[in-house]
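S.K.: Supplied structure: protein28.cif, mmCIF, C-alpha atoms and all ligand atoms.
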```cif
data_coords
loop_
_atom_site.label_atom_id
_atom_site.label_comp_id
_atom_site.auth_asym_id
_atom_site.auth_seq_id
_atom_site.Cartn_x
_atom_site.Cartn_y
_atom_site.Cartn_z
CA MET A 1 -14.19 -70.08 5.02
CA PRO A 2 -13.76 -68.12 8.28
CA PRO A 3 -11.93 -64.79 7.99
CA VAL A 4 -8.18 -65.30 8.00
CA THR A 5 -7.80 -63.37 11.28
CA ALA A 6 -10.15 -65.78 13.06
CA LEU A 7 -7.67 -68.58 12.39
CA LEU A 8 -4.92 -66.88 14.30
CA SER A 9 -3.89 -68.00 17.72
CA SER A 10 -1.93 -65.25 19.40
CA PRO A 11 -1.96 -65.75 23.16
CA ARG A 12 1.12 -63.66 23.91
CA THR A 13 0.00 -60.79 21.73
CA ASP A 14 -3.49 -61.03 23.21
CA ALA A 15 -2.11 -60.84 26.75
CA LEU A 16 -0.12 -57.70 26.02
CA THR A 17 -2.96 -56.04 24.11
CA ALA A 18 -5.80 -56.94 26.50
CA ARG A 19 -6.27 -53.35 27.72
CA GLY A 20 -6.08 -51.94 24.20
CA ARG A 21 -8.55 -54.48 22.80
CA ASP A 22 -10.89 -53.87 25.68
CA PHE A 23 -10.66 -50.12 25.15
CA LEU A 24 -11.38 -50.39 21.44
CA GLY A 25 -13.82 -53.29 21.64
CA THR A 26 -11.90 -55.19 18.95
CA ARG A 27 -10.24 -58.55 18.30
CA HIS A 28 -6.87 -56.86 17.63
CA ALA A 29 -5.36 -53.73 19.15
CA ILE A 30 -4.48 -52.36 15.73
CA LEU A 31 -5.92 -49.04 14.64
CA CYS A 32 -5.84 -47.93 11.06
CA GLY A 33 -5.06 -44.25 11.58
CA ALA A 34 -7.41 -41.88 9.81
CA MET A 35 -6.15 -40.86 6.39
CA SER A 36 -7.97 -38.00 4.66
CA TRP A 37 -9.75 -39.17 1.48
CA VAL A 38 -8.51 -42.74 2.05
CA SER A 39 -10.21 -43.58 5.36
CA GLU A 40 -13.80 -43.55 4.18
CA ARG A 41 -16.54 -46.15 4.56
CA HIS A 42 -14.87 -48.94 2.53
CA LEU A 43 -11.50 -49.03 4.23
CA VAL A 44 -12.91 -48.24 7.67
CA ALA A 45 -15.49 -51.04 7.46
CA ALA A 46 -12.92 -53.48 6.07
CA ILE A 47 -10.51 -52.78 8.94
CA SER A 48 -13.20 -53.17 11.59
CA ASN A 49 -14.65 -56.28 9.95
CA ALA A 50 -11.15 -57.82 9.98
CA GLY A 51 -10.88 -57.29 13.75
CA GLY A 52 -8.92 -54.03 13.70
CA PHE A 53 -10.20 -50.57 14.51
CA GLY A 54 -11.13 -48.38 11.54
CA VAL A 55 -11.26 -44.61 11.90
CA ILE A 56 -13.13 -42.28 9.53
CA ALA A 57 -11.01 -39.28 8.52
CA CYS A 58 -13.32 -36.28 8.75
CA GLY A 59 -10.65 -33.91 7.42
CA ALA A 60 -12.38 -30.85 5.97
CA MET A 61 -15.82 -32.53 5.64
CA THR A 62 -18.91 -30.56 6.61
CA PRO A 63 -21.11 -31.91 9.40
CA GLU A 64 -23.61 -33.07 6.74
CA LEU A 65 -20.95 -35.08 4.90
CA LEU A 66 -19.67 -36.62 8.13
CA ASP A 67 -23.23 -37.52 9.06
CA ALA A 68 -23.65 -39.39 5.76
CA GLU A 69 -20.25 -41.08 6.02
CA ILE A 70 -20.90 -42.45 9.51
CA ALA A 71 -24.34 -43.68 8.47
CA ALA A 72 -22.91 -45.38 5.37
CA THR A 73 -20.11 -47.00 7.37
CA ARG A 74 -22.65 -48.40 9.82
CA THR A 75 -24.38 -50.19 6.95
CA MET A 76 -21.08 -51.93 6.11
CA THR A 77 -19.96 -53.02 9.57
CA SER A 78 -21.52 -53.76 12.91
CA LYS A 79 -18.09 -53.61 14.57
CA PRO A 80 -16.73 -50.58 16.46
CA PHE A 81 -15.03 -47.79 14.53
CA GLY A 82 -14.01 -44.25 15.39
CA VAL A 83 -14.05 -40.77 13.88
CA ASN A 84 -10.98 -38.55 13.58
CA LEU A 85 -11.63 -34.81 13.80
CA ILE A 86 -9.09 -32.08 13.11
CA THR A 87 -9.01 -29.65 16.03
CA MET A 88 -8.68 -26.55 13.84
CA HIS A 89 -11.87 -27.38 11.89
CA PRO A 90 -14.08 -24.28 12.29
CA GLN A 91 -17.14 -26.47 13.02
CA LEU A 92 -15.46 -28.85 15.45
CA LEU A 93 -18.30 -28.78 17.99
CA ASP A 94 -20.91 -29.38 15.28
CA LEU A 95 -18.89 -32.37 14.10
CA ILE A 96 -18.77 -33.72 17.65
CA ALA A 97 -22.56 -33.29 17.76
CA VAL A 98 -22.83 -35.45 14.63
CA CYS A 99 -20.73 -38.14 16.37
CA ALA A 100 -23.07 -37.85 19.38
CA LYS A 101 -26.13 -38.27 17.16
CA HIS A 102 -24.69 -41.55 15.86
CA ARG A 103 -23.42 -42.63 19.29
CA VAL A 104 -19.90 -43.05 17.89
CA GLY A 105 -17.91 -44.82 20.58
CA HIS A 106 -14.49 -43.25 19.98
CA VAL A 107 -13.48 -39.80 18.77
CA VAL A 108 -9.86 -39.03 17.89
CA LEU A 109 -8.85 -35.38 18.12
CA ALA A 110 -5.90 -34.68 15.82
CA GLY A 111 -3.89 -31.77 14.52
CA GLY A 112 -3.38 -29.80 17.72
CA ILE A 113 -4.34 -29.30 21.34
CA PRO A 114 -8.08 -29.99 21.80
CA PRO A 115 -9.81 -26.62 22.12
CA LYS A 116 -11.83 -25.75 25.23
CA GLY A 117 -15.08 -27.65 25.47
CA SER A 118 -14.20 -30.34 22.91
CA LEU A 119 -13.16 -33.09 25.34
CA GLU A 120 -16.17 -32.28 27.52
CA ALA A 121 -18.50 -32.49 24.51
CA ILE A 122 -17.13 -35.95 23.70
CA LYS A 123 -17.48 -37.14 27.30
CA ASP A 124 -21.05 -35.82 27.38
CA PHE A 125 -22.23 -38.67 25.19
CA ASP A 126 -19.96 -41.23 26.90
CA ALA A 127 -17.62 -41.64 23.96
CA LYS A 128 -13.92 -42.24 24.49
CA ALA A 129 -11.56 -39.46 23.48
CA LEU A 130 -8.17 -40.27 21.96
CA VAL A 131 -5.61 -37.51 21.65
CA PHE A 132 -2.11 -36.96 20.31
CA ALA A 133 0.51 -35.24 22.45
CA PRO A 134 3.94 -34.06 21.35
CA THR A 135 5.42 -33.91 24.86
CA LEU A 136 5.07 -35.94 28.04
CA ALA A 137 3.96 -32.89 30.04
CA LEU A 138 1.15 -32.14 27.58
CA ALA A 139 0.16 -35.80 27.50
CA LYS A 140 -0.23 -35.83 31.29
CA LYS A 141 -2.25 -32.62 31.16
CA LEU A 142 -4.63 -33.98 28.50
CA LEU A 143 -5.09 -37.25 30.38
CA ARG A 144 -5.92 -35.23 33.51
CA SER A 145 -8.41 -33.14 31.51
CA GLY A 146 -10.45 -36.14 30.41
CA ALA A 147 -8.66 -37.72 27.45
CA ASP A 148 -9.08 -41.49 27.69
CA ALA A 149 -6.15 -42.63 25.57
CA LEU A 150 -3.09 -41.32 23.90
CA VAL A 151 -1.55 -41.93 20.50
CA ILE A 152 2.15 -41.15 20.32
CA GLU A 153 3.19 -40.69 16.72
CA GLY A 154 6.74 -40.30 15.52
CA SER A 155 8.20 -38.51 12.55
CA GLU A 156 8.49 -41.69 10.44
CA ALA A 157 4.72 -41.53 9.86
CA GLY A 158 2.93 -40.44 6.73
CA GLY A 159 0.91 -37.21 6.70
CA HIS A 160 1.41 -34.41 9.24
CA ILE A 161 4.29 -35.19 11.54
CA GLY A 162 6.14 -34.00 14.62
CA PRO A 163 9.90 -33.69 14.85
CA VAL A 164 10.75 -36.71 17.04
CA ALA A 165 11.19 -40.36 16.00
CA THR A 166 8.74 -42.99 17.27
CA SER A 167 11.52 -44.93 18.98
CA VAL A 168 12.45 -41.89 21.07
CA LEU A 169 8.85 -40.95 21.88
CA ALA A 170 8.22 -44.53 23.01
CA GLN A 171 11.14 -44.32 25.44
CA GLU A 172 10.06 -40.91 26.69
CA PHE A 173 6.36 -41.68 27.19
CA LEU A 174 5.81 -45.38 27.82
CA PRO A 175 7.82 -45.85 31.05
CA HIS A 176 5.86 -42.97 32.61
CA LEU A 177 2.37 -43.55 31.27
CA ALA A 178 1.91 -47.14 30.14
CA GLU A 179 1.08 -48.62 33.52
CA ASP A 180 -1.88 -46.36 34.22
CA HIS A 181 -2.97 -45.24 30.78
CA VAL A 182 -3.97 -46.60 27.40
CA VAL A 183 -1.22 -45.65 24.97
CA PHE A 184 -1.04 -46.57 21.29
CA VAL A 185 2.16 -46.14 19.29
CA ALA A 186 2.19 -44.95 15.67
CA GLY A 187 4.72 -44.05 13.01
CA GLY A 188 7.02 -46.27 11.01
CA ILE A 189 5.42 -49.59 11.92
CA GLY A 190 5.60 -51.92 8.94
CA ARG A 191 5.92 -55.36 10.51
CA GLY A 192 4.72 -57.29 13.53
CA GLU A 193 8.18 -57.53 15.12
CA MET A 194 8.04 -53.78 15.64
CA ILE A 195 4.58 -54.09 17.18
CA ALA A 196 5.95 -56.72 19.58
CA ALA A 197 8.73 -54.36 20.67
CA TYR A 198 6.34 -51.51 21.49
CA LEU A 199 3.95 -53.89 23.29
CA GLU A 200 6.83 -55.15 25.41
CA MET A 201 7.60 -51.56 26.33
CA GLY A 202 4.05 -51.17 27.64
CA ALA A 203 2.01 -49.93 24.68
CA CYS A 204 -1.56 -51.28 24.60
CA GLY A 205 -1.64 -51.39 20.84
CA VAL A 206 -0.51 -49.66 17.68
CA GLN A 207 -1.75 -47.41 14.90
CA LEU A 208 -0.69 -47.84 11.28
CA GLY A 209 -1.58 -45.83 8.20
CA THR A 210 0.89 -46.45 5.41
CA ARG A 211 0.55 -50.27 5.46
CA PHE A 212 -3.22 -49.95 4.95
CA ALA A 213 -3.43 -47.03 2.48
CA ALA A 214 -2.89 -49.26 -0.56
CA ALA A 215 -4.91 -52.23 0.72
CA ARG A 216 -7.33 -53.88 -1.71
CA GLU A 217 -10.35 -52.30 0.02
CA SER A 218 -8.82 -48.80 -0.09
CA ILE A 219 -10.54 -46.58 -2.67
CA ALA A 220 -7.23 -44.84 -3.43
CA HIS A 221 -6.59 -44.49 -7.18
CA PRO A 222 -4.54 -47.34 -8.75
CA ALA A 223 -1.79 -44.80 -9.58
CA PHE A 224 -1.61 -43.80 -5.89
CA LYS A 225 -1.26 -47.45 -4.91
CA ALA A 226 1.33 -48.08 -7.64
CA ALA A 227 3.40 -45.16 -6.32
CA PHE A 228 3.43 -46.89 -2.91
CA PHE A 229 4.50 -50.25 -4.36
CA SER A 230 7.54 -48.79 -6.11
CA ALA A 231 8.66 -46.33 -3.40
CA ASN A 232 11.41 -46.85 -0.86
CA ALA A 233 11.70 -45.50 2.67
CA ARG A 234 13.97 -42.67 1.52
CA ASP A 235 11.39 -41.43 -1.00
CA ALA A 236 8.96 -40.50 1.79
CA VAL A 237 10.32 -37.09 2.73
CA ALA A 238 9.19 -34.37 5.13
CA SER A 239 8.16 -31.00 3.68
CA VAL A 240 10.44 -28.07 4.42
CA GLN A 241 9.43 -24.85 6.13
CA ILE A 242 10.76 -21.92 4.14
CA ASP A 243 9.67 -18.97 6.26
CA PRO A 244 10.24 -18.88 10.04
CA ARG A 245 7.32 -16.43 10.40
CA LEU A 246 4.94 -19.05 9.07
CA PRO A 247 5.34 -22.15 11.22
CA VAL A 248 3.83 -24.96 9.16
CA ILE A 249 3.45 -28.51 10.37
CA PRO A 250 5.66 -30.69 8.16
CA VAL A 251 4.01 -33.34 6.02
CA ARG A 252 5.67 -36.61 4.98
CA ALA A 253 4.89 -37.60 1.40
CA LEU A 254 6.60 -39.15 -1.61
CA LYS A 255 8.95 -36.72 -3.33
CA ASN A 256 7.44 -35.31 -6.57
CA ALA A 257 6.69 -32.07 -8.43
CA GLY A 258 3.96 -31.28 -5.87
CA THR A 259 6.66 -30.92 -3.24
CA GLU A 260 7.92 -27.83 -5.15
CA GLU A 261 4.40 -26.46 -5.41
CA PHE A 262 4.19 -26.45 -1.62
CA THR A 263 7.26 -24.23 -1.44
CA ALA A 264 5.53 -21.75 -3.77
CA LYS A 265 2.32 -21.93 -1.72
CA GLN A 266 4.22 -21.14 1.48
CA ARG A 267 5.76 -18.08 -0.17
CA GLU A 268 2.34 -16.88 -1.29
CA VAL A 269 0.78 -17.34 2.15
CA ALA A 270 3.77 -15.77 3.95
CA GLN A 271 3.42 -12.73 1.69
CA ALA A 272 -0.31 -12.46 2.44
CA LEU A 273 0.58 -12.66 6.15
CA ASP A 274 3.16 -9.88 5.77
CA GLN A 275 0.71 -7.67 3.96
CA GLY A 276 -1.90 -8.17 6.68
CA GLN A 277 -4.33 -9.84 4.26
CA VAL A 278 -4.62 -12.86 6.57
CA ASP A 279 -3.86 -13.51 10.25
CA MET A 280 -1.82 -16.47 11.47
CA HIS A 281 -4.85 -18.73 12.00
CA GLU A 282 -6.12 -18.01 8.48
CA ALA A 283 -2.62 -18.53 7.09
CA GLN A 284 -2.43 -21.95 8.70
CA LEU A 285 -5.91 -22.85 7.45
CA GLU A 286 -4.77 -21.87 3.94
CA ILE A 287 -1.85 -24.28 4.23
CA GLU A 288 -4.13 -27.05 5.49
CA LYS A 289 -6.52 -26.44 2.60
CA PHE A 290 -3.58 -26.77 0.23
CA TRP A 291 -2.72 -30.18 1.69
CA ALA A 292 -6.32 -31.41 1.59
CA GLY A 293 -6.56 -30.41 -2.10
CA ALA A 294 -3.17 -31.87 -3.00
CA LEU A 295 -3.94 -35.15 -1.23
CA ARG A 296 -7.31 -35.41 -3.00
CA ARG A 297 -5.57 -34.90 -6.31
CA ALA A 298 -3.30 -37.87 -5.66
CA VAL A 299 -5.69 -40.23 -3.83
CA ILE A 300 -8.86 -39.66 -5.86
CA GLU A 301 -7.65 -38.32 -9.21
CA GLY A 302 -4.46 -40.36 -9.33
CA ASP A 303 -2.23 -37.37 -10.12
CA VAL A 304 0.81 -38.67 -8.29
CA GLU A 305 3.14 -36.14 -9.93
CA ASN A 306 1.47 -32.94 -8.80
CA GLY A 307 -0.68 -34.15 -5.95
CA SER A 308 0.50 -35.10 -2.47
CA VAL A 309 1.23 -38.81 -2.08
CA MET A 310 1.36 -38.79 1.71
CA ALA A 311 3.23 -41.85 2.92
CA GLY A 312 5.35 -42.87 5.85
CA GLN A 313 8.82 -44.37 5.74
CA SER A 314 7.32 -47.86 6.04
CA VAL A 315 6.13 -47.42 2.43
CA GLY A 316 9.15 -49.50 1.38
CA MET A 317 7.45 -52.47 3.04
CA VAL A 318 4.27 -52.08 0.97
CA ARG A 319 4.85 -54.06 -2.19
CA ALA A 320 1.46 -55.32 -3.37
CA GLU A 321 -2.26 -54.75 -3.01
CA GLU A 322 -3.33 -57.05 -0.18
CA PRO A 323 -6.70 -57.46 1.50
CA VAL A 324 -6.85 -55.78 4.91
CA ALA A 325 -7.47 -59.13 6.66
CA GLU A 326 -4.23 -60.50 5.22
CA ILE A 327 -2.23 -57.46 6.29
CA ILE A 328 -3.58 -57.77 9.83
CA ALA A 329 -2.94 -61.53 9.84
CA SER A 330 0.71 -61.01 8.80
CA LEU A 331 1.24 -58.32 11.41
CA ILE A 332 -0.24 -60.45 14.19
CA GLY A 333 1.65 -63.55 13.01
CA GLU A 334 4.98 -61.69 13.01
CA CYS A 335 4.23 -60.12 16.37
CA GLU A 336 3.32 -63.46 17.92
CA ALA A 337 6.41 -65.17 16.49
CA SER A 338 8.59 -62.41 17.84
CA LEU A 339 7.04 -62.58 21.31
CA SER A 340 7.34 -66.37 21.33
CA GLY A 341 11.02 -66.16 20.40
CA ASN A 342 10.45 -68.05 17.14
C1 LIG B 1 -2.19 -40.70 3.09
C2 LIG B 1 -2.22 -40.36 4.57
C3 LIG B 1 -3.15 -39.43 5.04
C4 LIG B 1 -3.24 -39.14 6.42
N1 LIG B 1 -4.21 -38.28 6.85
C5 LIG B 1 -4.38 -38.10 8.21
C6 LIG B 1 -5.48 -37.32 8.70
O1 LIG B 1 -6.30 -36.81 7.94
N2 LIG B 1 -5.61 -37.17 10.04
C7 LIG B 1 -4.72 -37.77 10.93
O2 LIG B 1 -4.88 -37.61 12.14
N3 LIG B 1 -3.67 -38.51 10.47
C8 LIG B 1 -3.51 -38.70 9.15
N4 LIG B 1 -2.48 -39.52 8.70
C9 LIG B 1 -1.66 -40.26 9.70
C10 LIG B 1 -2.25 -41.66 9.97
O3 LIG B 1 -3.49 -41.57 10.62
C11 LIG B 1 -1.34 -42.54 10.85
O4 LIG B 1 -1.24 -42.00 12.15
C12 LIG B 1 0.05 -42.69 10.27
O5 LIG B 1 -0.04 -43.02 8.92
C13 LIG B 1 0.81 -43.76 11.07
O6 LIG B 1 2.13 -43.86 10.64
P1 LIG B 1 2.61 -44.77 9.40
O7 LIG B 1 2.22 -44.01 8.18
O8 LIG B 1 4.07 -44.84 9.59
O9 LIG B 1 1.91 -46.10 9.51
C14 LIG B 1 -2.36 -39.78 7.33
C15 LIG B 1 -1.40 -40.68 6.83
C16 LIG B 1 -1.32 -40.99 5.48
C17 LIG B 1 -0.30 -42.00 4.99
#
```
Represent the structure from my file as structure tokens, please.
M.R.:
Amino acid sequence: MPPVTALLSSPRTDALTARGRDFLGTRHAILCGAMSWVSERHLVAAISNAGGFGVIACGAMTPELLDAEIAATRTMTSKPFGVNLITMHPQLLDLIAVCAKHRVGHVVLAGGIPPKGSLEAIKDFDAKALVFAPTLALAKKLLRSGADALVIEGSEAGGHIGPVATSVLAQEFLPHLAEDHVVFVAGGIGRGEMIAAYLEMGACGVQLGTRFAAARESIAHPAFKAAFFSANARDAVASVQIDPRLPVIPVRALKNAGTEEFTAKQREVAQALDQGQVDMHEAQLEIEKFWAGALRRAVIEGDVENGSVMAGQSVGMVRAEEPVAEIIASLIGECEASLSGN
């Protein structure tokens, strides 16, 4: 039997996503956003094999681990996939060198403004650089400095989030950038009708995380997936900053005992900052290490009480473990129906 996505006819969706599909080299302009611990070889290959665009989450991996992960992913898919690197990783340029060694076609820089030299290093091996930008002015600057595409991600998303809703970002960015630039929209997308709306506003494609995190091919622990199936939108809450001296990027995750632990961690790090034991950069790295550890606990060990079950508000639309190809088929089917006025 051919893959379910090959059966789809979606001329209207295809027309609106032509630039995005061309940019990604895929059948569908749907990225599965990198999710630390979740977006490893199995999910990434499954997404790309189903016609979407998988992205390896490098997270806190060493260059050696990333090297092995890219190589392993290549054995599972011949389709394009990308690598997501966190800008504050102390070995960012070494990680980019690993991507260059493997001739990775697309590198996504996440978690902050790309540091000097990083965009250039990506362009040096002819890869495409995707960036996130919280404001229109910064987006324009990054696109002028060599970024090839933009992901705008609203606060409905799972994981680290900005303060503004996707619907507002879409209105702020798309009318100014969509004509001349490749822009993908992320955050809070659970169904194809929503994809249709952003495509009609000029987006070239979309990025989803939450809908794919509990897919059949995801290696996430069964308890992590079960937590998704029973959660509602309102359970996916943003973390709270307790100390104005320690600006932490909020994280959206399912409410649990781990949420309280983060409050305690912030107090501990703020105190270390006060006492001069760490500087601001180290303090922020400490916080990021906390999240990486807490997410691992939930995704890999299945401790959904004390770990961090990062999830976006669309988690209420994830009700069962579905193969990636079926999720993509539903999204495209809904999008096409919406664009056709059915
Ligand atoms: C469990 C989880 C982990 C995530 N980890 C990362 C990450 O390591 N790097 C990153 O850039 N985004 C990360 N994200 C964000 C996703 O890549 C994606 O942009 C987001 O999930 C899209 O919004 P949605 O959750 O509403 O679909 C994560 C999201 C989730 C749900």
S.K.: Which residue gives the smallest distance to A:Ile30 among A:Val185, A:Ala253, A:Met61, A:Val98, with only C-alpha atoms counted?
M.R.: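 Ranking A:Val185, A:Ala253, A:Met61, A:Val98 by distance to A:Ile30, first place goes to A:Val185.
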S.K.: Skipping near chain neighbours, those fewer than 5 positions away, what residues fall within 12 Å of A:Lys101 using all atoms listed in the file, listed as a PyMOL selection string?
M.R.: chain A and resi 63-64+66-68+70-71+94-96+122+124-127
S.K.: I'd like the contact shell of A:Lys141 - 12 Å cut-off, only C-alpha atoms, skipping same-chain residues fewer than 3 positions apart - returned as a PyMOL selection string.
M.R.: chain A and resi 113-114+131-138+144-148+150+177
S.K.: Please provide as a list in words all residues within 9 Å of A:Gly333, with the sequence filter that same-chain residues fewer than 2 positions apart are discarded (counting all atoms listed in the file).
M.R.: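 These residues fall inside the cut-off: Leu8, Ser9, Ser10, Gly192, Ile328, Ala329, Ser330, Leu331, Cys335, Glu336, Ala337 and Ser338 of chain A.
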S.K.: Could you tell me which of A:Ser167, A:Thr62, A:Gln241, A:Gln313 comes closest to ligand LIG 1 (chain B) if we count only C-alpha atoms and all ligand atoms?
M.R.: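 Nearest candidate to ligand LIG 1 (chain B) out of A:Ser167, A:Thr62, A:Gln241, A:Gln313: A:Gln313.
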S.K.: Between atom C11 of ligand LIG 1 (chain B) and atom CA of A:Leu208, what is the distance in Å, rounded to a tenth?
M.R.: 5.4 Å
S.K.: Go through A:Cys32, A:Ala238, A:Leu339, A:Leu273 one by one, measure the shortest atom-to-atom distance of each to ligand LIG 1 (chain B) using only C-alpha atoms and all ligand atoms, and give the residue with the smallest value.
M.R.: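 Ranked by minimum distance to ligand LIG 1 (chain B), first place goes to A:Cys32.
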S.K.: Could you build a table of the residues in chain A lying no more than 7 Å from ligand LIG 1 (chain B), giving for each the nearest pair of atoms and their separation in Å rounded to one decimal place, using all atoms listed in the file, ordered by chain and ascending residue number, as CSV?
M.R.:
```
residue,atom,partner,partner_atom,distance
A:Cys32,CA,B:LIG1,O3,6.8
A:Gly33,CA,B:LIG1,O3,3.3
A:Ala34,CA,B:LIG1,O3,4.0
A:Met35,CA,B:LIG1,N1,3.3
A:Ser36,CA,B:LIG1,O1,3.9
A:Val38,CA,B:LIG1,C1,6.7
A:Ala57,CA,B:LIG1,O1,5.3
A:Gly59,CA,B:LIG1,O1,5.3
A:Asn84,CA,B:LIG1,O2,6.3
A:Ile86,CA,B:LIG1,N2,6.9
A:Ala110,CA,B:LIG1,O2,4.8
A:Gly111,CA,B:LIG1,O2,6.4
A:Glu153,CA,B:LIG1,O4,6.5
A:Glu156,CA,B:LIG1,O8,5.5
A:Ala157,CA,B:LIG1,O8,3.4
A:Gly158,CA,B:LIG1,O7,3.9
A:Gly159,CA,B:LIG1,C15,4.2
A:His160,CA,B:LIG1,N4,6.4
A:Ala186,CA,B:LIG1,C13,4.9
A:Gly187,CA,B:LIG1,O6,3.5
A:Gly188,CA,B:LIG1,O8,3.6
A:Ile189,CA,B:LIG1,O8,5.5
A:Gly190,CA,B:LIG1,O9,6.9
A:Gln207,CA,B:LIG1,C13,5.9
A:Leu208,CA,B:LIG1,O9,3.6
A:Gly209,CA,B:LIG1,O5,3.3
A:Thr210,CA,B:LIG1,O7,3.9
A:Arg211,CA,B:LIG1,O9,6.0
A:Ala213,CA,B:LIG1,C17,6.4
A:Val309,CA,B:LIG1,C1,6.5
A:Met310,CA,B:LIG1,C1,4.3
A:Ala311,CA,B:LIG1,C17,4.1
A:Gly312,CA,B:LIG1,O7,4.1
A:Gln313,CA,B:LIG1,O8,6.1
A:Ser314,CA,B:LIG1,O8,5.7
```
S.K.: Rounded to one decimal, what separation in Å do you get between atom CA of A:Val44 and atom CA of A:Phe184?
M.R.: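 Taking atom CA of A:Val44 as the start and atom CA of A:Phe184 as the end point, the length is 18.1 Å.
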S.K.: Figure out the distance between atom CA of A:Arg191 and atom CA of A:Glu326, please, to one decimal in Å.
M.R.: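 Distance reported for this atom pair: 12.5 Å.
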S.K.: In terms of the shortest atom-to-atom distance over all atoms listed in the file, which of A:Arg252, A:Arg267, A:Arg296, A:Lys289 is closest to A:Phe224?
M.R.: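 Distance minimum relative to A:Phe224 lands on A:Arg296.
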S.K.: Quick one: axis-aligned box around all listed atoms of stretch 15-18 of chain A, 8 Å on every side, centre and edge lengths in Å to one decimal, written as lines of an AutoDock Vina configuration file.
M.R.:
```
center_x = -3.0
center_y = -58.4
center_z = 25.4
size_x = 21.7
size_y = 20.8
size_z = 18.6
```
S.K.: Go through A:Val248, A:Ala29, A:Met194, A:Cys58 and flag the residue nearest A:Ala270, using only C-alpha atoms for the distances.
M.R.: A:Val248
S.K.: With distances taken over all atoms listed in the file, which of A:Ala196, A:Leu142, A:Ala100, A:Ala214 is nearest to A:Ile327?
M.R.: A:Ala214
S.K.: Quick one: everything within 9 Å of A:Ala170, counting only C-alpha atoms, minus sequence neighbours fewer than 3 positions away in the same chain. Send it as a VMD selection string.
M.R.: chain A and resid 152 to 154 165 to 167 173 to 175 185 198 201 203
S.K.: Leaving out A:Ser239 and any residue of its chain fewer than 2 positions from it, which residues lie within 9 Å of it when counting only C-alpha atoms, given as a list in words?
M.R.: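 Near neighbours after the sequence-gap exclusion: Val237, Gln241, Ile249, Pro250, Val251, Arg252, Ala253, Thr259, Phe262 and Thr263 of chain A.
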S.K.: Using the partial input, fill out stretch 84-96 of chain A with N, CA and C atoms; write the result as a short mmCIF file (atom, residue, chain, number, x, y, z; two decimals), in the frame of the given file.
M.R.:
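Result file follows (part_11.cif):
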```cif
data_model
loop_
_atom_site.label_atom_id
_atom_site.label_comp_id
_atom_site.auth_asym_id
_atom_site.auth_seq_id
_atom_site.Cartn_x
_atom_site.Cartn_y
_atom_site.Cartn_z
N ASN A 84 -12.11 -39.46 13.33
CA ASN A 84 -10.98 -38.55 13.58
C ASN A 84 -11.38 -37.14 13.15
N LEU A 85 -11.28 -36.21 14.10
CA LEU A 85 -11.63 -34.81 13.80
C LEU A 85 -10.38 -33.94 13.95
N ILE A 86 -10.24 -32.99 13.06
CA ILE A 86 -9.09 -32.08 13.11
C ILE A 86 -9.46 -30.89 14.01
N THR A 87 -8.63 -30.65 15.01
CA THR A 87 -9.01 -29.65 16.03
C THR A 87 -9.20 -28.24 15.46
N MET A 88 -8.53 -27.93 14.35
CA MET A 88 -8.68 -26.55 13.84
C MET A 88 -9.89 -26.40 12.89
N HIS A 89 -10.66 -27.47 12.73
CA HIS A 89 -11.87 -27.38 11.89
C HIS A 89 -12.80 -26.33 12.51
N PRO A 90 -13.25 -25.35 11.71
CA PRO A 90 -14.08 -24.28 12.29
C PRO A 90 -15.41 -24.77 12.87
N GLN A 91 -15.86 -25.96 12.48
CA GLN A 91 -17.14 -26.47 13.02
C GLN A 91 -16.92 -27.69 13.92
N LEU A 92 -15.81 -27.67 14.65
CA LEU A 92 -15.46 -28.85 15.45
C LEU A 92 -16.61 -29.32 16.35
N LEU A 93 -17.25 -28.37 17.05
CA LEU A 93 -18.30 -28.78 17.99
C LEU A 93 -19.51 -29.35 17.26
N ASP A 94 -19.80 -28.83 16.08
CA ASP A 94 -20.91 -29.38 15.28
C ASP A 94 -20.58 -30.81 14.84
N LEU A 95 -19.31 -31.03 14.51
CA LEU A 95 -18.89 -32.37 14.10
C LEU A 95 -19.00 -33.35 15.26
N ILE A 96 -18.63 -32.87 16.45
CA ILE A 96 -18.77 -33.72 17.65
C ILE A 96 -20.26 -34.04 17.87
#
```
